[in-house]
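Data from input-v7.txt: compact mmCIF, C-alpha atoms and all ligand atoms
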# COMPACT_ATOMS: atom_id res chain seq x y z
CA MET A 157 0.00 0.00 0.00
CA SER A 158 1.25 3.50 -0.77
CA TYR A 159 1.60 6.14 1.98
CA GLN A 160 -1.43 7.89 0.49
CA GLU A 161 -3.55 4.69 0.76
CA ARG A 162 -2.39 4.00 4.31
CA ILE A 163 -3.17 7.57 5.33
CA ASP A 164 -6.64 7.41 3.71
CA THR A 165 -7.44 4.12 5.50
CA LEU A 166 -6.25 5.40 8.89
CA LYS A 167 -8.13 8.66 8.44
CA ARG A 168 -11.38 6.80 7.81
CA GLU A 169 -10.86 4.43 10.77
CA LEU A 170 -10.00 7.25 13.19
CA ARG A 171 -12.33 9.94 11.78
CA ALA A 172 -9.27 12.12 11.34
CA ILE A 173 -8.50 15.15 9.18
CA ILE A 174 -5.13 16.44 8.09
CA LEU A 175 -4.44 20.18 8.22
CA ALA A 176 -1.24 21.42 6.61
CA HIS A 177 0.37 24.85 6.67
CA ASN A 178 1.36 26.50 3.37
CA TYR A 179 5.08 25.93 4.22
CA GLN A 180 4.79 22.15 4.48
CA PRO A 181 6.73 20.03 1.97
CA PRO A 182 4.82 19.61 -1.35
CA GLU A 183 4.01 15.92 -0.80
CA VAL A 184 2.43 16.77 2.59
CA GLN A 185 0.40 19.65 1.14
CA ASP A 186 -0.82 17.28 -1.58
CA ILE A 187 -2.31 14.68 0.81
CA ALA A 188 -3.82 17.19 3.29
CA ASP A 189 -7.56 17.80 3.62
CA HIS A 190 -6.92 21.54 3.98
CA VAL A 191 -3.86 23.68 3.29
CA GLY A 192 -3.77 27.24 4.57
CA ASP A 193 -2.38 29.97 6.79
CA SER A 194 -2.38 30.12 10.58
CA LEU A 195 -5.70 31.97 10.75
CA GLY A 196 -7.57 29.75 8.29
CA LEU A 197 -6.29 26.55 9.88
CA SER A 198 -7.18 27.78 13.39
CA ILE A 199 -10.73 28.51 12.26
CA LEU A 200 -11.00 25.11 10.58
CA ALA A 201 -9.66 23.42 13.71
CA SER A 202 -12.20 25.24 15.87
CA GLU A 203 -15.12 24.19 13.64
CA THR A 204 -14.32 20.60 12.67
CA ASN A 205 -16.23 17.68 14.13
CA ALA A 206 -13.47 15.22 13.28
CA GLU A 207 -12.27 13.14 16.24
CA VAL A 208 -8.59 13.57 15.41
CA ILE A 209 -6.70 16.48 13.83
CA VAL A 210 -3.25 15.73 12.45
CA PHE A 211 -1.58 19.13 12.35
CA CYS A 212 1.25 19.29 9.83
CA GLY A 213 3.03 22.48 10.76
CA VAL A 214 4.82 23.70 13.88
CA ASP A 215 4.08 23.49 17.61
CA PHE A 216 2.17 26.75 18.13
CA MET A 217 -0.24 25.90 15.30
CA ALA A 218 -1.09 22.48 16.74
CA GLU A 219 -1.43 24.04 20.21
CA SER A 220 -3.86 26.66 18.88
CA ALA A 221 -5.94 23.85 17.34
CA LYS A 222 -6.06 22.08 20.72
CA ILE A 223 -6.91 25.29 22.60
CA LEU A 224 -9.76 26.09 20.18
CA ASN A 225 -11.08 22.52 20.09
CA PRO A 226 -10.04 20.87 23.37
CA GLU A 227 -12.34 17.84 23.01
CA THR A 228 -10.53 16.75 19.86
CA THR A 229 -7.30 14.79 19.84
CA VAL A 230 -4.66 16.93 18.13
CA LEU A 231 -1.55 15.18 16.84
CA ILE A 232 1.66 16.74 15.55
CA PRO A 233 3.64 14.16 13.58
CA GLU A 234 7.05 15.58 14.54
CA LYS A 235 7.54 16.50 18.18
CA GLY A 236 10.62 18.61 17.37
CA ALA A 237 8.80 20.87 14.88
CA LYS A 238 9.04 24.01 16.99
CA CYS A 239 8.93 27.60 15.75
CA PRO A 240 11.97 29.41 17.17
CA MET A 241 10.12 32.74 17.30
CA ALA A 242 7.55 31.32 19.72
CA ALA A 243 10.31 30.75 22.29
CA MET A 244 11.52 34.37 22.07
CA CYS A 245 8.93 35.80 24.45
CA THR A 246 7.89 34.13 27.71
CA ALA A 247 4.77 34.46 29.84
CA GLU A 248 6.99 36.01 32.53
CA ALA A 249 8.26 38.65 30.09
CA ILE A 250 4.67 39.61 29.21
CA ARG A 251 3.79 39.97 32.90
CA GLU A 252 6.84 42.28 33.31
CA MET A 253 5.80 44.38 30.28
CA ARG A 254 2.32 44.80 31.75
CA LYS A 255 3.86 46.17 34.96
CA ARG A 256 5.90 48.69 32.94
CA TYR A 257 2.95 49.76 30.75
CA PRO A 258 -0.16 49.28 32.89
CA GLU A 259 -2.43 51.16 30.42
CA ALA A 260 -1.41 49.05 27.43
CA VAL A 261 -3.31 46.18 25.82
CA VAL A 262 -1.26 43.08 24.94
CA VAL A 263 -1.70 41.91 21.35
CA GLY A 264 0.16 38.67 20.72
CA TYR A 265 1.09 37.08 17.44
CA VAL A 266 -0.07 33.45 17.35
CA ASN A 267 3.57 32.42 16.80
CA SER A 268 3.88 32.14 20.58
CA THR A 269 3.66 29.46 23.25
CA ALA A 270 0.33 28.49 24.85
CA GLU A 271 1.69 29.81 28.19
CA SER A 272 2.35 33.22 26.59
CA LYS A 273 -1.10 33.27 24.99
CA ALA A 274 -2.60 32.77 28.42
CA GLU A 275 -1.16 36.22 29.33
CA MET A 276 -2.41 38.07 26.22
CA ASP A 277 -5.52 40.19 25.75
CA VAL A 278 -6.01 39.29 22.11
CA CYS A 279 -4.10 37.25 19.54
CA CYS A 280 -3.51 38.06 15.89
CA THR A 281 -1.98 36.44 12.84
CA SER A 282 -0.26 38.14 9.94
CA ALA A 283 -3.64 38.09 8.15
CA ASN A 284 -5.44 40.25 10.70
CA ALA A 285 -2.79 42.04 12.81
CA ILE A 286 -3.68 45.52 11.51
CA PRO A 287 -7.48 45.24 12.01
CA VAL A 288 -7.00 43.60 15.41
CA VAL A 289 -4.68 46.37 16.66
CA ARG A 290 -7.02 49.05 15.24
CA ALA A 291 -9.97 47.45 17.02
CA VAL A 292 -8.48 47.22 20.51
CA GLU A 293 -9.74 49.92 22.85
CA ALA A 294 -6.40 51.37 23.92
CA ASP A 295 -3.97 53.96 22.57
CA GLN A 296 -0.97 51.94 23.72
CA VAL A 297 -0.37 48.37 22.55
CA ILE A 298 2.32 45.91 23.60
CA PHE A 299 2.99 43.75 20.53
CA VAL A 300 4.81 40.42 21.02
CA PRO A 301 6.86 38.53 19.94
CA ASP A 302 7.59 39.57 16.31
CA GLY A 303 9.35 42.95 16.09
CA ASN A 304 9.12 43.05 12.28
CA LEU A 305 5.37 42.39 12.17
CA GLY A 306 4.91 44.83 15.06
CA ALA A 307 6.83 47.58 13.21
CA TYR A 308 4.79 46.93 10.06
CA VAL A 309 1.55 47.22 12.05
CA ALA A 310 2.81 50.42 13.73
CA LYS A 311 3.04 52.10 10.30
CA HIS A 312 -0.65 51.39 9.65
CA VAL A 313 -2.32 52.32 12.93
CA ASP A 314 -2.70 55.49 14.94
CA LYS A 315 -1.53 54.00 18.26
CA GLU A 316 1.69 53.70 20.19
CA ILE A 317 3.10 50.22 19.61
CA ILE A 318 5.60 48.88 22.14
CA LEU A 319 7.69 46.33 20.29
CA TRP A 320 9.35 43.13 21.43
CA ASP A 321 12.56 42.03 19.72
CA GLY A 322 11.52 38.55 18.58
CA PHE A 323 11.96 37.57 14.93
CA CYS A 324 11.68 34.71 12.50
CA PRO A 325 15.22 33.54 11.61
CA THR A 326 14.04 32.48 8.15
CA HIS A 327 12.43 35.79 7.18
CA GLN A 328 15.12 37.82 8.96
CA SER A 329 17.78 36.20 6.79
CA MET A 330 16.25 37.49 3.53
CA THR A 331 18.04 40.74 2.70
CA ALA A 332 17.22 43.77 0.56
CA THR A 333 20.37 42.91 -1.43
CA ASP A 334 18.96 39.45 -2.23
CA ILE A 335 15.70 40.99 -3.41
CA ALA A 336 17.45 43.70 -5.45
CA SER A 337 19.55 41.05 -7.19
CA LEU A 338 16.43 39.02 -8.09
CA GLN A 339 14.76 42.21 -9.36
CA ARG A 340 17.76 42.96 -11.61
CA HIS A 341 17.59 39.47 -13.15
CA ASN A 342 13.78 39.40 -13.38
CA PRO A 343 12.75 42.99 -14.11
CA GLY A 344 9.03 42.21 -14.65
CA ALA A 345 8.58 40.37 -11.34
CA LYS A 346 6.55 41.80 -8.46
CA VAL A 347 7.88 41.30 -4.94
CA MET A 348 5.45 39.59 -2.55
CA ALA A 349 6.59 39.50 1.07
CA HIS A 350 5.43 38.15 4.38
CA PRO A 351 5.27 40.84 7.10
CA GLU A 352 7.79 38.86 9.18
CA CYS A 353 10.40 40.22 6.72
CA THR A 354 12.52 43.22 7.73
CA SER A 355 11.25 46.74 6.99
CA GLU A 356 13.92 47.11 4.26
CA VAL A 357 12.49 44.11 2.41
CA LEU A 358 8.88 45.16 3.01
CA GLU A 359 9.62 48.58 1.49
CA MET A 360 10.51 46.79 -1.76
CA ALA A 361 7.30 44.72 -1.82
CA GLU A 362 4.18 45.43 -3.85
CA ILE A 363 2.22 42.67 -2.13
CA ILE A 364 2.46 42.17 1.64
CA GLY A 365 0.32 39.57 3.31
CA SER A 366 -0.13 36.35 5.17
CA THR A 367 0.62 33.19 3.27
CA GLU A 368 -3.05 32.84 2.32
CA GLY A 369 -3.16 36.56 1.45
CA MET A 370 -0.44 35.85 -1.11
CA VAL A 371 -2.60 33.13 -2.69
CA THR A 372 -5.52 35.54 -3.09
CA ALA A 373 -3.29 38.30 -4.56
CA LEU A 374 -2.03 36.12 -7.45
CA SER A 375 -2.75 36.55 -11.11
CA ASP A 376 -2.20 33.64 -13.46
CA ASP A 377 0.00 35.58 -15.89
CA GLY A 378 2.07 37.23 -13.15
CA GLU A 379 5.72 36.85 -12.18
CA TYR A 380 6.68 37.06 -8.50
CA ILE A 381 9.69 37.19 -6.21
CA VAL A 382 8.42 35.32 -3.16
CA ALA A 383 9.92 36.64 0.08
CA THR A 384 8.71 33.88 2.35
CA GLU A 385 9.32 30.17 2.95
CA ARG A 386 10.21 28.43 -0.29
CA ASP A 387 7.49 25.71 -0.27
CA MET A 388 4.91 28.47 -0.39
CA ILE A 389 5.71 28.40 -4.09
CA HIS A 390 4.18 24.91 -4.36
CA ARG A 391 0.85 26.27 -3.12
CA LEU A 392 1.13 29.39 -5.30
CA SER A 393 1.95 27.35 -8.43
CA LYS A 394 -1.03 25.05 -7.89
CA THR A 395 -3.30 28.09 -7.61
CA ALA A 396 -1.81 29.96 -10.58
CA PRO A 397 -0.14 27.39 -12.87
CA GLY A 398 0.60 30.04 -15.50
CA ALA A 399 2.49 32.34 -13.12
CA ARG A 400 6.26 32.35 -12.58
CA PHE A 401 7.92 32.42 -9.16
CA HIS A 402 11.42 33.13 -7.85
CA GLU A 403 12.52 31.99 -4.41
CA VAL A 404 14.77 34.08 -2.18
CA ARG A 405 18.09 32.78 -0.84
CA GLY A 406 17.85 31.21 2.61
CA SER A 407 14.09 30.82 2.51
CA VAL A 408 13.83 27.49 4.33
CA CYS A 409 12.07 27.03 7.68
CA PRO A 410 13.77 23.86 9.06
CA PRO A 411 11.01 22.85 11.53
CA MET A 412 8.41 23.07 8.76
CA LYS A 413 10.45 20.56 6.74
CA MET A 414 10.41 17.85 9.41
CA THR A 415 7.01 16.35 8.54
CA THR A 416 7.06 13.45 6.07
CA LEU A 417 4.39 11.10 4.72
CA GLU A 418 6.03 8.39 6.80
CA SER A 419 5.74 10.45 9.98
CA ILE A 420 2.05 11.15 9.24
CA VAL A 421 1.39 7.38 8.94
CA ARG A 422 3.30 6.76 12.18
CA SER A 423 1.42 9.57 13.87
CA LEU A 424 -1.97 8.07 12.94
CA GLU A 425 -0.92 4.49 13.76
CA THR A 426 0.52 5.28 17.18
CA MET A 427 -1.52 8.41 18.02
CA THR A 428 1.65 10.45 18.55
CA TRP A 429 2.43 13.14 19.38
CA LYS A 430 -0.63 14.28 21.25
CA VAL A 431 -0.78 17.99 22.11
CA GLU A 432 -1.19 18.05 25.89
CA LEU A 433 -1.96 21.32 27.68
CA SER A 434 -3.31 21.89 31.17
CA ASP A 435 -6.99 22.82 31.56
CA ASP A 436 -5.92 26.15 33.07
CA ILE A 437 -3.73 27.09 30.09
CA ILE A 438 -6.43 26.01 27.63
CA ARG A 439 -9.06 28.08 29.45
CA ARG A 440 -6.88 31.22 29.61
CA ALA A 441 -5.29 30.94 26.16
CA ARG A 442 -8.66 30.38 24.48
CA ILE A 443 -9.87 33.86 25.43
CA PRO A 444 -7.38 35.85 23.26
CA LEU A 445 -7.62 33.32 20.42
CA GLN A 446 -11.42 33.48 20.33
CA ARG A 447 -11.34 37.29 20.55
CA MET A 448 -9.07 37.28 17.52
CA ILE A 449 -11.44 35.08 15.55
CA GLN A 450 -14.36 37.35 16.46
CA MET A 451 -12.48 40.61 15.73
CA GLY A 452 -10.26 39.86 12.82
CA ARG A 453 -11.91 37.22 10.72
P1 LIG B 501 0.84 32.72 8.10
O1 LIG B 501 -0.08 32.93 9.24
O2 LIG B 501 0.88 33.88 7.16
O3 LIG B 501 0.53 31.44 7.40
O4 LIG B 501 2.34 32.64 8.65
C1 LIG B 501 2.76 31.77 9.63
C2 LIG B 501 4.20 31.77 9.76
O5 LIG B 501 4.75 31.08 10.59
C3 LIG B 501 4.98 32.63 8.90
O6 LIG B 501 6.33 32.43 9.11
FE1 LIG B 502 8.40 30.15 12.77
FE2 LIG B 502 9.63 31.51 10.85
FE3 LIG B 502 9.14 28.96 10.51
FE4 LIG B 502 7.14 30.74 10.47
S1 LIG B 502 8.84 30.56 9.02
S2 LIG B 502 7.15 28.76 11.51
S3 LIG B 502 7.87 32.17 12.04
S4 LIG B 502 10.49 29.85 12.04

Any chance you could give the structure as structure tokens?
Amino acid sequence: MSYQERIDTLKRELRAIILAHNYQPPEVQDIADHVGDSLGLSILASETNAEVIVFCGVDFMAESAKILNPETTVLIPEKGAKCPMAAMCTAEAIREMRKRYPEAVVVGYVNSTAESKAEMDVCCTSANAIPVVRAVEADQVIFVPDGNLGAYVAKHVDKEIILWDGFCPTHQSMTATDIASLQRHNPGAKVMAHPECTSEVLEMAEIIGSTEGMVTALSDDGEYIVATERDMIHRLSKTAPGARFHEVRGSVCPPMKMTTLESIVRSLETMTWKVELSDDIIRRARIPLQRMIQMGR
């Protein structure tokens, strides 16, 4: 039996669905029930009546699925698939920030641990960060953990944004020089960039958005320099087969590359690795995640 057949059989037996982020390896995207960005996958996870969710992505995404749908078993095929940015701001650090800025509201990017979410007022993703920050009833906002996304939001809202210095190593490594070189060699190409990129790169971009935002901005006869994780191009090419894409040097997210078809089969056969969070963390972290879904959908 092929991996695909084994996965289909196990999915039927367990009443499972497979959610995959847009950065997953092509063969994983191709067998998933849904492929999308953090926001879309969180909403799907909160609404599904499947008994098991296999989350092909990184730790904070699978944790969000569990927080939003605690009755469901959520599996992450690779236990080591951890987003380094999520570890850059702790719950303790957020408590300290609150003491320093008692009037501020804490808006937290979903690329954060469940413990940190439990300290936030509202979450956001790259798809809704600007509308979420605009909607909060405060003139001062603590934005954690991504400094690049926070600085991008600050340019689009009329509020004081207190930044944290977290970053995504993958997006941080893409330089304006890399983009300029691709532009020289491909003069007709538009730059599309994820807001985790540095402000220098974002200034060169015509399209800035979440990974799913990039999919919706495509035109089939377009040519694009894609300043985000390289397997995004698989999703973009499937959506716009006539378009041309150029990847940027260094655009690999190692934890996103850990999932394989083999590890998905193993995950379903052995029910590993289950996302386990305490009831208290689930209860407290669900509040900012649900607020986000209500505010920024
Ligand atoms: P999206 O929410 O845009 O899919 O991004 C998630 C992410 O981790 C980007 O690095
Ligand atoms: Fe985390 Fe960056 Fe990978 Fe996104 S691309 S999951 S922010 S390390």

Using only C-alpha atoms and all ligand atoms, tabulate the residues of chain A lying at most 8 Å from any atom of ligand LIG 502 (chain B), each with its closest atom pair and that distance in Å to one decimal, by chain and increasing residue number, as a Markdown table.
| residue | atom | partner | partner_atom | distance |
| --- | --- | --- | --- | --- |
| A:Tyr179 | CA | B:LIG502 | S1 | 7.7 |
| A:Gly213 | CA | B:LIG502 | S2 | 7.5 |
| A:Val214 | CA | B:LIG502 | S2 | 6.1 |
| A:Lys238 | CA | B:LIG502 | FE1 | 7.5 |
| A:Cys239 | CA | B:LIG502 | FE1 | 4.0 |
| A:Pro240 | CA | B:LIG502 | S4 | 5.4 |
| A:Met241 | CA | B:LIG502 | FE1 | 5.5 |
| A:Ala242 | CA | B:LIG502 | FE1 | 7.1 |
| A:Asn267 | CA | B:LIG502 | S3 | 6.4 |
| A:Phe323 | CA | B:LIG502 | S3 | 7.4 |
| A:Cys324 | CA | B:LIG502 | FE2 | 4.1 |
| A:Pro325 | CA | B:LIG502 | FE2 | 6.0 |
| A:Thr326 | CA | B:LIG502 | FE2 | 5.3 |
| A:His327 | CA | B:LIG502 | FE2 | 6.3 |
| A:Glu352 | CA | B:LIG502 | S3 | 7.3 |
| A:Thr384 | CA | B:LIG502 | S1 | 7.5 |
| A:Glu385 | CA | B:LIG502 | S1 | 6.1 |
| A:Val408 | CA | B:LIG502 | S1 | 7.5 |
| A:Cys409 | CA | B:LIG502 | FE3 | 4.5 |
| A:Pro410 | CA | B:LIG502 | FE3 | 7.0 |
| A:Pro411 | CA | B:LIG502 | FE3 | 6.5 |
| A:Met412 | CA | B:LIG502 | FE3 | 6.2 |

Out of A:Val288, A:Ala345, A:Val210, A:Leu195, which residue has the shortest atom-to-atom distance to ligand LIG 501 (chain B) when counting all atoms listed in the file?
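Once distances to ligand LIG 501 (chain B) are computed over all atoms listed in the file, the minimum belongs to A:Leu195.
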
Return as CSV the residues of chain A lying at most 6 Å from ligand LIG 501 (chain B), together with the closest atom-to-atom pair for each and the distance in Å to one decimal, counting all atoms listed in the file, with rows in chain order and ascending residue number.
residue,atom,partner,partner_atom,distance
A:Asp193,CA,B:LIG501,O3,3.3
A:Ser194,CA,B:LIG501,O1,3.9
A:Leu195,CA,B:LIG501,O1,5.9
A:Thr281,CA,B:LIG501,O1,5.4
A:Ser282,CA,B:LIG501,O2,5.2
A:Ser366,CA,B:LIG501,O2,3.3
A:Thr367,CA,B:LIG501,O2,4.0

Give me the region 222-328 of chain A side of the contact with region 197-201 of chain A, cut-off 12 Å, one line per residue showing its nearest atom pair and distance in Å at one decimal, counting all atoms listed in the file, sorted by chain and residue number, as a tab-separated table.
residue	atom	partner	partner_atom	distance
A:Lys222	CA	A:Ala201	CA	8.0
A:Ile223	CA	A:Ala201	CA	9.5
A:Leu224	CA	A:Ala201	CA	7.0
A:Asn225	CA	A:Ala201	CA	6.6
A:Pro226	CA	A:Ala201	CA	10.0
A:Glu227	CA	A:Ala201	CA	11.2
A:Thr228	CA	A:Ala201	CA	9.1
A:Thr229	CA	A:Ala201	CA	10.8
A:Val230	CA	A:Ala201	CA	9.3
A:Leu231	CA	A:Ala201	CA	12.0
A:Val266	CA	A:Ser198	CA	9.9
A:Cys279	CA	A:Ser198	CA	11.7
A:Cys280	CA	A:Ser198	CA	11.2
A:Thr281	CA	A:Ser198	CA	10.1
A:Ala283	CA	A:Leu197	CA	12.0

Counting all atoms listed in the file, which residues of region 166-242 of chain A sit at most 7 Å from some atom of region 415-428 of chain A, and what is each one's closest atom pair with its distance in Å to one decimal, listed by chain and rising residue number, as JSON lines?
{"residue": "A:Leu166", "atom": "CA", "partner": "A:Leu424", "partner_atom": "CA", "distance": 6.5}
{"residue": "A:Val184", "atom": "CA", "partner": "A:Leu417", "partner_atom": "CA", "distance": 6.4}
{"residue": "A:Cys212", "atom": "CA", "partner": "A:Thr415", "partner_atom": "CA", "distance": 6.6}
{"residue": "A:Leu231", "atom": "CA", "partner": "A:Thr428", "partner_atom": "CA", "distance": 6.0}
{"residue": "A:Ile232", "atom": "CA", "partner": "A:Thr428", "partner_atom": "CA", "distance": 7.0}
{"residue": "A:Pro233", "atom": "CA", "partner": "A:Ser423", "partner_atom": "CA", "distance": 5.1}
{"residue": "A:Glu234", "atom": "CA", "partner": "A:Thr415", "partner_atom": "CA", "distance": 6.0}

Counting only C-alpha atoms, figure out which residue out of A:Ala260, A:Ala399, A:Ile173, A:Ala332 gets nearest to Asp377 (chain A).
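Nearest candidate to Asp377 (chain A) out of A:Ala260, A:Ala399, A:Ile173, A:Ala332: A:Ala399.
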
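By chain and then residue number, the residues within 8 Å of Pro301 (chain A) are Met241, Ala242, Met244, Cys245, Gly264, Tyr265, Asn267, Ser268, Phe299, Gly303, Leu319, Trp320, Asp321, Gly322 and Phe323 of chain A, counting all atoms listed in the file and disregarding those fewer than 2 positions away in sequence.
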
Determine, counting all atoms listed in the file, which protein, DNA and RNA residues have an atom within 10 Å of an atom of region 439-444 of chain A; residues of the same chain fewer than 3 positions away are not included. Present the result as a PyMOL selection string.
chain A and resi 219-220+222-226+262-264+266+269-280+433-436+447-450

Expected file contents, prior selection, C-alpha atoms, as a PDB file, in the coordinates of the input:
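The resulting file, out36.pdb, is reproduced below:
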ATOM      1  CA  GLU A 219      -1.430  24.040  20.210  1.00  0.00           C
ATOM      2  CA  SER A 220      -3.860  26.660  18.880  1.00  0.00           C
ATOM      3  CA  LYS A 222      -6.060  22.080  20.720  1.00  0.00           C
ATOM      4  CA  ILE A 223      -6.910  25.290  22.600  1.00  0.00           C
ATOM      5  CA  LEU A 224      -9.760  26.090  20.180  1.00  0.00           C
ATOM      6  CA  ASN A 225     -11.080  22.520  20.090  1.00  0.00           C
ATOM      7  CA  PRO A 226     -10.040  20.870  23.370  1.00  0.00           C
ATOM      8  CA  VAL A 262      -1.260  43.080  24.940  1.00  0.00           C
ATOM      9  CA  VAL A 263      -1.700  41.910  21.350  1.00  0.00           C
ATOM     10  CA  GLY A 264       0.160  38.670  20.720  1.00  0.00           C
ATOM     11  CA  VAL A 266      -0.070  33.450  17.350  1.00  0.00           C
ATOM     12  CA  THR A 269       3.660  29.460  23.250  1.00  0.00           C
ATOM     13  CA  ALA A 270       0.330  28.490  24.850  1.00  0.00           C
ATOM     14  CA  GLU A 271       1.690  29.810  28.190  1.00  0.00           C
ATOM     15  CA  SER A 272       2.350  33.220  26.590  1.00  0.00           C
ATOM     16  CA  LYS A 273      -1.100  33.270  24.990  1.00  0.00           C
ATOM     17  CA  ALA A 274      -2.600  32.770  28.420  1.00  0.00           C
ATOM     18  CA  GLU A 275      -1.160  36.220  29.330  1.00  0.00           C
ATOM     19  CA  MET A 276      -2.410  38.070  26.220  1.00  0.00           C
ATOM     20  CA  ASP A 277      -5.520  40.190  25.750  1.00  0.00           C
ATOM     21  CA  VAL A 278      -6.010  39.290  22.110  1.00  0.00           C
ATOM     22  CA  CYS A 279      -4.100  37.250  19.540  1.00  0.00           C
ATOM     23  CA  CYS A 280      -3.510  38.060  15.890  1.00  0.00           C
ATOM     24  CA  LEU A 433      -1.960  21.320  27.680  1.00  0.00           C
ATOM     25  CA  SER A 434      -3.310  21.890  31.170  1.00  0.00           C
ATOM     26  CA  ASP A 435      -6.990  22.820  31.560  1.00  0.00           C
ATOM     27  CA  ASP A 436      -5.920  26.150  33.070  1.00  0.00           C
ATOM     28  CA  ARG A 447     -11.340  37.290  20.550  1.00  0.00           C
ATOM     29  CA  MET A 448      -9.070  37.280  17.520  1.00  0.00           C
ATOM     30  CA  ILE A 449     -11.440  35.080  15.550  1.00  0.00           C
ATOM     31  CA  GLN A 450     -14.360  37.350  16.460  1.00  0.00           C
TER      32      GLN A 450
END

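Closest approach to Ser337 (chain A) among A:Ala291, A:Val208, A:Ile381, A:Met157 is made by A:Ile381 (distances from all atoms listed in the file).
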
Just how far from CA of Glu203 (chain A) is CA of Glu293 (chain A), in Å to one decimal?
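So the two atoms, CA of Glu293 (chain A) and CA of Glu203 (chain A), lie 27.9 Å apart.
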
From the set A:His177, A:Lys315, A:His190, A:Arg256, which residue has the shortest atom-to-atom contact distance to Asp387 (chain A), counting all atoms listed in the file?
A:His177

What gap, in Å, lies between CA of Ile298 (chain A) and CA of Ala243 (chain A)?
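About the pair CA of Ile298 (chain A) and CA of Ala243 (chain A): they are 17.2 Å apart.
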